[in-house]
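Peer 1: This one is my_file.tsv, TSV, C-alpha atoms and all ligand atoms.
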```
chain	number	residue	atom	x	y	z
A	1	MET	CA	24.02	-0.61	-17.37
A	2	LYS	CA	27.37	-2.35	-17.29
A	3	VAL	CA	28.04	-5.35	-19.53
A	4	ALA	CA	31.02	-7.71	-19.41
A	5	GLN	CA	31.78	-11.19	-20.63
A	6	LEU	CA	33.58	-14.35	-19.59
A	7	GLY	CA	35.01	-16.39	-22.45
A	8	SER	CA	34.82	-15.60	-26.16
A	9	GLY	CA	32.05	-15.95	-28.70
A	10	THR	CA	28.39	-14.98	-28.57
A	11	PRO	CA	26.91	-15.79	-25.13
A	12	GLU	CA	23.66	-17.72	-24.82
A	13	ILE	CA	23.90	-17.51	-21.04
A	14	ALA	CA	23.64	-14.33	-18.96
A	15	VAL	CA	23.93	-13.46	-15.27
A	16	VAL	CA	22.24	-10.25	-14.10
A	17	GLY	CA	22.56	-8.34	-10.83
A	18	GLY	CA	21.16	-4.99	-9.75
A	19	ILE	CA	17.72	-5.02	-11.34
A	20	HIS	CA	16.83	-3.31	-8.04
A	21	GLY	CA	19.24	-0.68	-6.74
A	22	ASP	CA	18.78	-1.54	-3.06
A	23	GLU	CA	19.73	-5.21	-3.54
A	24	PRO	CA	23.54	-5.29	-3.72
A	25	CYS	CA	23.98	-9.10	-3.41
A	26	GLY	CA	23.75	-9.85	-7.14
A	27	VAL	CA	26.06	-6.99	-8.03
A	28	ARG	CA	28.68	-8.34	-5.63
A	29	ALA	CA	28.32	-11.82	-7.12
A	30	VAL	CA	28.86	-10.45	-10.64
A	31	GLU	CA	31.89	-8.40	-9.53
A	32	ARG	CA	33.36	-11.37	-7.68
A	33	LEU	CA	32.96	-13.56	-10.74
A	34	LEU	CA	34.76	-10.91	-12.82
A	35	ASP	CA	37.58	-10.83	-10.24
A	36	GLU	CA	37.87	-14.61	-10.19
A	37	ASN	CA	37.73	-14.66	-14.00
A	38	PRO	CA	37.22	-18.44	-14.17
A	39	SER	CA	37.86	-20.22	-17.46
A	40	VAL	CA	34.49	-21.10	-18.94
A	41	GLU	CA	33.38	-23.84	-21.29
A	42	ARG	CA	30.87	-21.54	-22.98
A	43	PRO	CA	30.73	-17.72	-22.99
A	44	VAL	CA	28.72	-15.92	-20.30
A	45	LYS	CA	27.39	-12.37	-20.41
A	46	LEU	CA	27.51	-10.50	-17.11
A	47	VAL	CA	25.23	-7.52	-16.54
A	48	ILE	CA	24.83	-4.96	-13.77
A	49	ALA	CA	21.48	-3.45	-14.62
A	50	ASN	CA	20.38	-0.32	-12.80
A	51	GLU	CA	23.63	1.53	-11.97
A	52	GLU	CA	21.82	4.83	-11.36
A	53	ALA	CA	19.56	3.29	-8.69
A	54	LEU	CA	22.52	1.38	-7.18
A	55	GLU	CA	24.49	4.62	-6.82
A	56	ARG	CA	21.56	6.17	-4.96
A	57	ARG	CA	20.89	2.93	-3.01
A	58	VAL	CA	17.22	3.01	-3.94
A	59	ARG	CA	15.03	0.29	-5.46
A	60	PHE	CA	14.48	2.42	-8.58
A	61	VAL	CA	14.83	5.97	-9.90
A	62	ASP	CA	11.43	6.48	-11.60
A	63	GLU	CA	9.60	3.13	-11.56
A	64	ASP	CA	10.20	-0.51	-10.61
A	65	LEU	CA	12.41	-1.94	-13.38
A	66	ASN	CA	11.05	-5.44	-12.78
A	67	ARG	CA	7.53	-4.20	-13.61
A	68	ALA	CA	8.67	-2.09	-16.60
A	69	PHE	CA	9.42	-4.76	-19.23
A	70	PRO	CA	9.40	-4.76	-22.23
A	71	GLY	CA	10.11	-1.04	-21.91
A	72	ASP	CA	10.43	1.47	-24.73
A	73	PRO	CA	13.41	3.43	-26.16
A	74	ASP	CA	11.31	6.61	-25.89
A	75	ALA	CA	9.90	5.90	-22.42
A	76	LYS	CA	9.63	8.90	-20.11
A	77	THR	CA	11.16	6.97	-17.19
A	78	HIS	CA	14.76	5.88	-16.71
A	79	GLU	CA	13.62	2.31	-16.02
A	80	GLY	CA	11.32	2.25	-19.06
A	81	ARG	CA	14.31	3.01	-21.33
A	82	LEU	CA	16.62	0.70	-19.39
A	83	ALA	CA	14.13	-2.20	-19.67
A	84	ASN	CA	14.22	-1.83	-23.45
A	85	GLU	CA	18.06	-1.79	-23.47
A	86	LEU	CA	18.18	-4.86	-21.23
A	87	VAL	CA	15.81	-6.82	-23.46
A	88	GLU	CA	18.07	-6.06	-26.45
A	89	GLU	CA	21.20	-6.97	-24.48
A	90	LEU	CA	19.76	-10.24	-23.16
A	91	SER	CA	17.99	-11.31	-26.35
A	92	GLY	CA	18.80	-14.98	-27.03
A	93	CYS	CA	20.34	-15.54	-23.58
A	94	PHE	CA	19.04	-17.92	-20.93
A	95	THR	CA	19.29	-15.52	-17.99
A	96	PHE	CA	19.93	-15.83	-14.27
A	97	SER	CA	18.77	-12.77	-12.33
A	98	MET	CA	19.52	-12.18	-8.66
A	99	HIS	CA	17.32	-10.42	-6.12
A	100	SER	CA	17.05	-10.14	-2.35
A	101	THR	CA	14.05	-9.61	-0.12
A	102	GLN	CA	12.83	-8.42	3.28
A	103	SER	CA	10.66	-11.51	3.62
A	104	HIS	CA	12.78	-14.65	3.75
A	105	ALA	CA	16.40	-15.57	4.49
A	106	GLU	CA	16.60	-18.89	2.63
A	107	PRO	CA	17.22	-18.70	-1.12
A	108	PHE	CA	14.43	-19.74	-3.49
A	109	ALA	CA	13.91	-19.66	-7.26
A	110	ILE	CA	11.16	-17.80	-9.13
A	111	VAL	CA	10.13	-18.70	-12.66
A	112	ASN	CA	7.46	-17.47	-15.03
A	113	GLU	CA	6.26	-20.98	-15.69
A	114	ILE	CA	7.49	-24.42	-14.79
A	115	GLY	CA	8.85	-25.58	-18.13
A	116	GLU	CA	11.42	-28.26	-18.89
A	117	ARG	CA	14.36	-25.88	-18.46
A	118	ALA	CA	13.18	-24.65	-15.05
A	119	LYS	CA	12.53	-28.23	-13.94
A	120	SER	CA	16.03	-29.26	-14.97
A	121	ILE	CA	17.99	-26.25	-13.65
A	122	CYS	CA	16.26	-25.21	-10.40
A	123	PRO	CA	16.74	-28.52	-8.51
A	124	GLN	CA	20.48	-28.12	-9.17
A	125	LEU	CA	20.59	-24.76	-7.36
A	126	PRO	CA	21.05	-24.42	-3.58
A	127	VAL	CA	17.47	-23.22	-3.11
A	128	GLN	CA	14.65	-24.25	-0.79
A	129	ALA	CA	11.74	-23.96	-3.21
A	130	MET	CA	10.64	-23.04	-6.71
A	131	VAL	CA	7.87	-20.47	-7.14
A	132	GLU	CA	5.85	-20.03	-10.31
A	133	THR	CA	4.47	-16.50	-10.72
A	134	SER	CA	1.92	-17.50	-13.42
A	135	GLU	CA	-0.35	-14.45	-13.92
A	136	PHE	CA	1.75	-12.19	-11.67
A	137	ALA	CA	4.57	-12.02	-14.24
A	138	GLU	CA	3.44	-8.86	-16.03
A	139	GLY	CA	6.26	-6.40	-16.61
A	140	ARG	CA	8.90	-8.66	-15.12
A	141	LEU	CA	12.12	-9.55	-16.92
A	142	PHE	CA	11.00	-13.10	-17.55
A	143	SER	CA	7.92	-11.92	-19.44
A	144	GLU	CA	10.41	-11.03	-22.22
A	145	ILE	CA	13.56	-13.12	-21.64
A	146	ASP	CA	13.84	-16.79	-20.62
A	147	THR	CA	14.91	-16.20	-17.02
A	148	VAL	CA	15.36	-17.93	-13.69
A	149	GLU	CA	15.16	-15.39	-10.85
A	150	VAL	CA	16.57	-16.20	-7.45
A	151	GLU	CA	15.90	-14.56	-4.11
A	152	CYS	CA	19.33	-14.79	-2.45
A	153	GLY	CA	18.37	-13.82	1.10
A	154	LEU	CA	17.75	-10.76	3.23
A	155	GLN	CA	18.37	-7.42	1.55
A	156	GLY	CA	21.77	-5.93	2.31
A	157	SER	CA	23.01	-8.92	4.34
A	158	GLU	CA	26.46	-10.47	4.00
A	159	THR	CA	24.78	-13.89	3.82
A	160	ALA	CA	22.72	-12.83	0.79
A	161	ALA	CA	25.93	-11.79	-1.02
A	162	GLN	CA	27.58	-15.12	-0.23
A	163	ASN	CA	24.44	-16.98	-1.29
A	164	ALA	CA	24.38	-15.01	-4.55
A	165	HIS	CA	27.92	-16.15	-5.31
A	166	ARG	CA	27.11	-19.81	-4.54
A	167	LEU	CA	23.89	-19.65	-6.57
A	168	THR	CA	25.67	-18.12	-9.56
A	169	ARG	CA	28.37	-20.79	-9.57
A	170	ALA	CA	25.72	-23.53	-9.28
A	171	PHE	CA	23.73	-22.01	-12.15
A	172	LEU	CA	26.82	-21.73	-14.37
A	173	THR	CA	27.74	-25.34	-13.55
A	174	ALA	CA	24.19	-26.54	-14.26
A	175	VAL	CA	24.23	-24.95	-17.74
A	176	GLY	CA	27.71	-26.30	-18.50
A	177	ALA	CA	29.60	-22.99	-18.41
A	178	LEU	CA	31.69	-24.04	-15.41
A	179	PRO	CA	33.15	-27.54	-15.11
A	180	GLY	CA	32.07	-30.00	-12.45
A	181	ASP	CA	28.85	-31.44	-11.12
A	182	THR	CA	25.96	-29.91	-9.25
A	183	VAL	CA	24.13	-31.39	-6.28
A	184	GLY	CA	20.54	-32.31	-7.06
A	185	ARG	CA	17.74	-31.94	-4.51
A	186	ASP	CA	13.98	-32.32	-4.24
A	187	LEU	CA	12.22	-28.99	-4.57
A	188	PRO	CA	8.69	-28.17	-3.49
A	189	VAL	CA	6.88	-26.07	-6.10
A	190	TYR	CA	4.47	-23.24	-5.32
A	191	ARG	CA	2.25	-21.21	-7.61
A	192	LEU	CA	1.17	-17.67	-6.76
A	193	VAL	CA	-2.62	-17.43	-6.78
A	194	ASP	CA	-3.37	-14.05	-5.16
A	195	ALA	CA	-1.73	-10.81	-4.16
A	196	ILE	CA	-2.44	-9.89	-0.53
A	197	PRO	CA	-3.31	-6.19	-0.55
A	198	LYS	CA	-2.35	-3.86	2.26
A	199	GLY	CA	-4.38	-0.75	2.98
A	200	GLU	CA	-2.90	2.62	3.80
A	201	ALA	CA	-1.55	2.64	7.37
A	202	ASP	CA	1.34	3.88	9.48
A	203	SER	CA	2.49	0.49	10.72
A	204	TYR	CA	2.34	-3.02	9.33
A	205	GLU	CA	2.94	-6.43	10.88
A	206	VAL	CA	3.26	-9.92	9.42
A	207	PHE	CA	2.76	-12.88	11.79
A	208	VAL	CA	3.52	-15.84	9.54
A	209	ASP	CA	6.51	-17.65	8.05
A	210	ASN	CA	6.85	-17.86	4.31
A	211	PHE	CA	6.23	-21.31	2.78
A	212	THR	CA	4.42	-22.48	5.96
A	213	GLU	CA	0.72	-23.23	5.42
A	214	ILE	CA	-1.85	-20.95	7.04
A	215	GLU	CA	-5.21	-22.39	8.11
A	216	PRO	CA	-8.59	-20.65	7.89
A	217	GLY	CA	-9.02	-18.46	10.96
A	218	ASP	CA	-5.29	-17.80	11.38
A	219	PRO	CA	-4.37	-14.12	11.69
A	220	PHE	CA	-1.56	-13.44	9.21
A	221	ALA	CA	-0.97	-9.68	9.11
A	222	ALA	CA	-2.11	-6.36	10.53
A	223	ALA	CA	-2.25	-2.75	9.35
A	224	ASP	CA	-2.27	-0.25	12.23
A	225	GLY	CA	-3.25	-3.12	14.52
A	226	ASP	CA	-6.21	-4.09	12.34
A	227	MET	CA	-5.92	-7.87	12.13
A	228	GLN	CA	-6.28	-9.75	8.83
A	229	VAL	CA	-7.50	-13.32	9.18
A	230	ALA	CA	-7.27	-16.11	6.59
A	231	THR	CA	-10.63	-17.26	5.17
A	232	GLU	CA	-9.05	-20.22	3.40
A	233	SER	CA	-5.75	-22.02	3.71
A	234	PHE	CA	-2.75	-20.78	1.69
A	235	TYR	CA	1.02	-20.65	1.66
A	236	PRO	CA	2.46	-17.16	2.16
A	237	VAL	CA	5.26	-16.23	-0.28
A	238	LEU	CA	7.30	-13.00	-0.32
A	239	MET	CA	5.27	-11.77	2.68
A	240	SER	CA	6.79	-8.91	4.65
A	241	SER	CA	5.63	-5.84	6.55
A	242	TYR	CA	7.39	-3.21	4.45
A	243	GLY	CA	8.83	-5.01	1.39
A	244	TYR	CA	6.21	-3.71	-1.06
A	245	ARG	CA	4.22	-0.50	-1.09
A	246	ASP	CA	0.71	-1.85	-1.67
A	247	VAL	CA	0.82	-5.60	-0.99
A	248	PHE	CA	2.04	-7.66	1.97
A	249	GLY	CA	3.04	-10.38	-0.47
A	250	TYR	CA	1.35	-13.31	-2.14
A	251	ALA	CA	-0.83	-16.31	-1.38
A	252	ALA	CA	0.39	-19.48	-3.07
A	253	GLU	CA	-0.80	-23.03	-3.55
A	254	LYS	CA	1.60	-25.93	-3.20
A	255	LEU	CA	1.93	-28.06	-6.30
A	256	ASP	CA	4.32	-30.90	-6.79
A	257	VAL	CA	7.85	-31.70	-5.83
A	258	VAL	CA	10.42	-31.73	-8.64
A	259	THR	CA	13.52	-33.83	-8.45
A	260	THR	CA	16.61	-34.16	-10.52
A	261	SER	CA	18.30	-37.50	-10.95
A	262	SER	CA	21.46	-36.29	-12.64
A	263	ALA	CA	23.59	-33.20	-13.10
A	264	ALA	CA	23.70	-31.18	-16.32
A	265	ASP	CA	24.37	-33.16	-19.43
A	301	ZN	ZN	14.62	-7.35	-6.47
```
I'd like the structure from this file rewritten - as structure tokens, please.
Ligand SMILES: [Zn+2]
Peer 2:
Amino acid sequence: MKVAQLGSGTPEIAVVGGIHGDEPCGVRAVERLLDENPSVERPVKLVIANEEALERRVRFVDEDLNRAFPGDPDAKTHEGRLANELVEELSGCFTFSMHSTQSHAEPFAIVNEIGERAKSICPQLPVQAMVETSEFAEGRLFSEIDTVEVECGLQGSETAAQNAHRLTRAFLTAVGALPGDTVGRDLPVYRLVDAIPKGEADSYEVFVDNFTEIEPGDPFAAADGDMQVATESFYPVLMSSYGYRDVFGYAAEKLDVVTTSSAAD
């Protein structure tokens, strides 16, 4: 883990990249911010999390770090110990954590629950939607630390790295660490209601677009050509053929739309 800081004093804001070692966008955003070294109006902690996995260009070394929280100093896995160190490092910080995905190119925000802070910050970010994980939060960073996660775009793409930089600057502006105003937008809100399991197979296909409603009877995925058909309507989120080992992604329900009338105060 690498830790740096913008400004002086004890940070209550943190920006994290590299929770997953095969998602370089957030790491590049953190490094670029360090290069730019902007003057800040409140101190910001910058963290590059899983350096070992990043070096090997793998999602994780022993286990998925974003399912390993709170971790344990005596854990047998690298990520179990790292999770514990991260929780200590980020304690007391409102945290912005960057990811990328194989499922969707447009950035969106993911929060544990839609509280006042999420409702105020997320509509100020250049994202398309806000997703609440509700009961699918176990082991994730935001089960321990007050965190907004963002999916910055497609894994390994130049666009995802540029998005990560834009998202970070918008976040830091929204929390008053960088000067200026943010642009507010209306955000649709989705809540994950089910994981969509995928059986063992050699090849997987996904036929649907994320955040676009599926009707009963619509085929949405296949494993070795074996078609899976929706029995009720849902919104697919984080759906991809090969993004996860044992699920295609998630079924979500659409809730409200949140708006912001003003920038950060
Ligand atoms: Zn990730």
Peer 1: 7 Å from ligand ZN 301 (chain A) is the threshold here; counting all atoms listed in the file, which polymer residues fall inside it? Answer as a PDB file with C-alpha atoms, in the coordinates of the input.
Peer 2:
```pdb
ATOM      1  CA  ILE A  19      17.720  -5.020 -11.340  1.00  0.00           C
ATOM      2  CA  HIS A  20      16.830  -3.310  -8.040  1.00  0.00           C
ATOM      3  CA  GLU A  23      19.730  -5.210  -3.540  1.00  0.00           C
ATOM      4  CA  HIS A  99      17.320 -10.420  -6.120  1.00  0.00           C
ATOM      5  CA  SER A 100      17.050 -10.140  -2.350  1.00  0.00           C
ATOM      6  CA  THR A 101      14.050  -9.610  -0.120  1.00  0.00           C
TER       7      THR A 101
END
```
Peer 1: Could you name the residues that touch A:Leu46 at 8 Å or less, counting all atoms listed in the file, but leaving out those on the same chain fewer than 3 positions away, as a ChimeraX atom specification?
Peer 2: /A:3-6,14-16,30
Peer 1: Would you kindly return, as a PyMOL selection string, each protein, DNA or RNA residue with an atom no farther than 6 Å from any atom of A:Arg191, considering only C-alpha atoms and excluding same-chain residues fewer than 6 positions away?
Peer 2: chain A and resi 131-132+252-253
Peer 1: Which one of A:Ile114, A:Val183, A:Ala201, A:Ala49 sits closest to A:Ala83 if you count only C-alpha atoms?
Peer 2: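 Of the candidates, the smallest distance to A:Ala83 is held by A:Ala49.
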Peer 1: Please provide the set of residues having any atom within 7 Å of stretch 209-213 of chain A, restricted to only C-alpha atoms, with same-chain residues fewer than 3 positions apart removed, written as a VMD selection string.
Peer 2: chain A and resid 104 233 to 239
Peer 1: Which residue gives the smallest distance to A:Leu54 among A:Ala75, A:Gly18, A:Val189, A:Val257, with only C-alpha atoms counted?
Peer 2: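 So, comparing all the options, the nearest one is A:Gly18.
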Peer 1: Just to confirm, what's the straight-line distance from atom CA of A:Glu106 to atom CA of A:Ala221 in Å (one decimal)?
Peer 2: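 Atom CA of A:Ala221 lies 20.9 Å from atom CA of A:Glu106.
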Peer 1: Between A:Ala29, A:Val44, A:Gly225, A:Asn84, which one has atoms that come closest to A:Gly9, using only C-alpha atoms?
Peer 2: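 Of the candidates, the smallest distance to A:Gly9 is held by A:Val44.
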Peer 1: As an exercise, work out the distance from atom CA of A:Val175 to atom CA of A:Ala105 in Å and give it to one decimal place.
Peer 2: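 Spanning atom CA of A:Val175 to atom CA of A:Ala105 is a straight-line distance of 25.4 Å.
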Peer 1: Atom CA of A:Tyr250 and atom CA of A:Phe136, how far apart in Å?
Peer 2: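 These atoms are spaced 9.6 Å apart.
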Peer 1: Which residue out of A:Ala118, A:Val150, A:Val61, A:Ala137 has the minimum interatomic distance to A:Arg166 when only C-alpha atoms are used?
Peer 2: A:Val150
Peer 1: What would the list of residues within 8 Å of (-4.5, -13.7, -7.8) (file frame) look like as a PyMOL selection string, if all atoms listed in the file are what count?
Peer 2: chain A and resi 135-136+192-195+251
Peer 1: Mind dumping stretch 32-109 of chain A from that block, keeping C-alpha atoms, as a CSV table (one decimal), in the first residue's frame?
Peer 2:
```
chain,number,residue,atom,x,y,z
A,32,ARG,CA,-1.8,12.3,-11.9
A,33,LEU,CA,-3.2,14.2,-8.9
A,34,LEU,CA,0.2,13.8,-7.2
A,35,ASP,CA,1.9,15.1,-10.3
A,36,GLU,CA,-0.4,18.1,-10.6
A,37,ASN,CA,-0.1,18.7,-6.8
A,38,PRO,CA,-3.0,21.2,-6.7
A,39,SER,CA,-3.3,23.5,-3.7
A,40,VAL,CA,-6.2,22.2,-1.6
A,41,GLU,CA,-8.6,23.8,0.8
A,42,ARG,CA,-8.6,20.8,3.1
A,43,PRO,CA,-6.1,17.9,3.3
A,44,VAL,CA,-6.7,14.8,1.2
A,45,LYS,CA,-5.2,11.4,1.7
A,46,LEU,CA,-4.2,9.5,-1.4
A,47,VAL,CA,-3.9,5.7,-1.4
A,48,ILE,CA,-2.8,3.1,-3.9
A,49,ALA,CA,-4.1,-0.1,-2.3
A,50,ASN,CA,-3.0,-3.4,-3.7
A,51,GLU,CA,0.5,-2.8,-5.1
A,52,GLU,CA,1.4,-6.5,-5.2
A,53,ALA,CA,-1.7,-7.3,-7.4
A,54,LEU,CA,-1.0,-4.2,-9.5
A,55,GLU,CA,2.6,-5.4,-10.2
A,56,ARG,CA,1.3,-8.8,-11.3
A,57,ARG,CA,-1.7,-7.2,-13.2
A,58,VAL,CA,-4.1,-9.5,-11.5
A,59,ARG,CA,-7.4,-8.7,-9.7
A,60,PHE,CA,-5.9,-10.1,-6.4
A,61,VAL,CA,-3.1,-12.2,-5.0
A,62,ASP,CA,-5.0,-14.5,-2.6
A,63,GLU,CA,-8.6,-13.3,-2.4
A,64,ASP,CA,-10.8,-10.4,-3.7
A,65,LEU,CA,-9.8,-7.4,-1.5
A,66,ASN,CA,-13.2,-5.8,-1.9
A,67,ARG,CA,-14.8,-8.9,-0.3
A,68,ALA,CA,-12.2,-9.2,2.4
A,69,PHE,CA,-13.1,-6.3,4.7
A,70,PRO,CA,-12.8,-5.7,7.7
A,71,GLY,CA,-9.8,-8.1,7.4
A,72,ASP,CA,-7.5,-9.2,10.2
A,73,PRO,CA,-3.8,-8.4,11.0
A,74,ASP,CA,-3.2,-12.2,11.3
A,75,ALA,CA,-5.1,-13.2,8.2
A,76,LYS,CA,-3.6,-15.9,6.2
A,77,THR,CA,-4.1,-14.0,2.9
A,78,HIS,CA,-2.3,-11.0,1.6
A,79,GLU,CA,-5.7,-9.2,1.0
A,80,GLY,CA,-7.0,-10.2,4.5
A,81,ARG,CA,-4.0,-8.3,6.1
A,82,LEU,CA,-4.2,-5.5,3.6
A,83,ALA,CA,-7.9,-5.0,4.3
A,84,ASN,CA,-7.1,-4.5,8.0
A,85,GLU,CA,-4.3,-2.0,7.2
A,86,LEU,CA,-6.6,-0.1,4.8
A,87,VAL,CA,-9.4,0.2,7.4
A,88,GLU,CA,-6.9,1.7,9.9
A,89,GLU,CA,-5.5,4.0,7.3
A,90,LEU,CA,-8.9,5.3,6.1
A,91,SER,CA,-10.5,5.4,9.6
A,92,GLY,CA,-12.3,8.8,9.9
A,93,CYS,CA,-12.0,9.6,6.2
A,94,PHE,CA,-14.9,10.0,3.8
A,95,THR,CA,-13.5,7.9,0.9
A,96,PHE,CA,-13.7,7.9,-2.8
A,97,SER,CA,-12.7,4.5,-4.3
A,98,MET,CA,-12.2,3.9,-8.1
A,99,HIS,CA,-12.9,0.8,-10.0
A,100,SER,CA,-13.4,-0.3,-13.6
A,101,THR,CA,-15.5,-3.0,-15.1
A,102,GLN,CA,-16.0,-5.3,-18.1
A,103,SER,CA,-19.7,-4.5,-18.1
A,104,HIS,CA,-20.3,-0.9,-18.9
A,105,ALA,CA,-18.4,2.1,-20.4
A,106,GLU,CA,-20.3,4.9,-18.8
A,107,PRO,CA,-19.3,5.9,-15.2
A,108,PHE,CA,-21.7,5.2,-12.4
A,109,ALA,CA,-21.5,5.5,-8.6
```
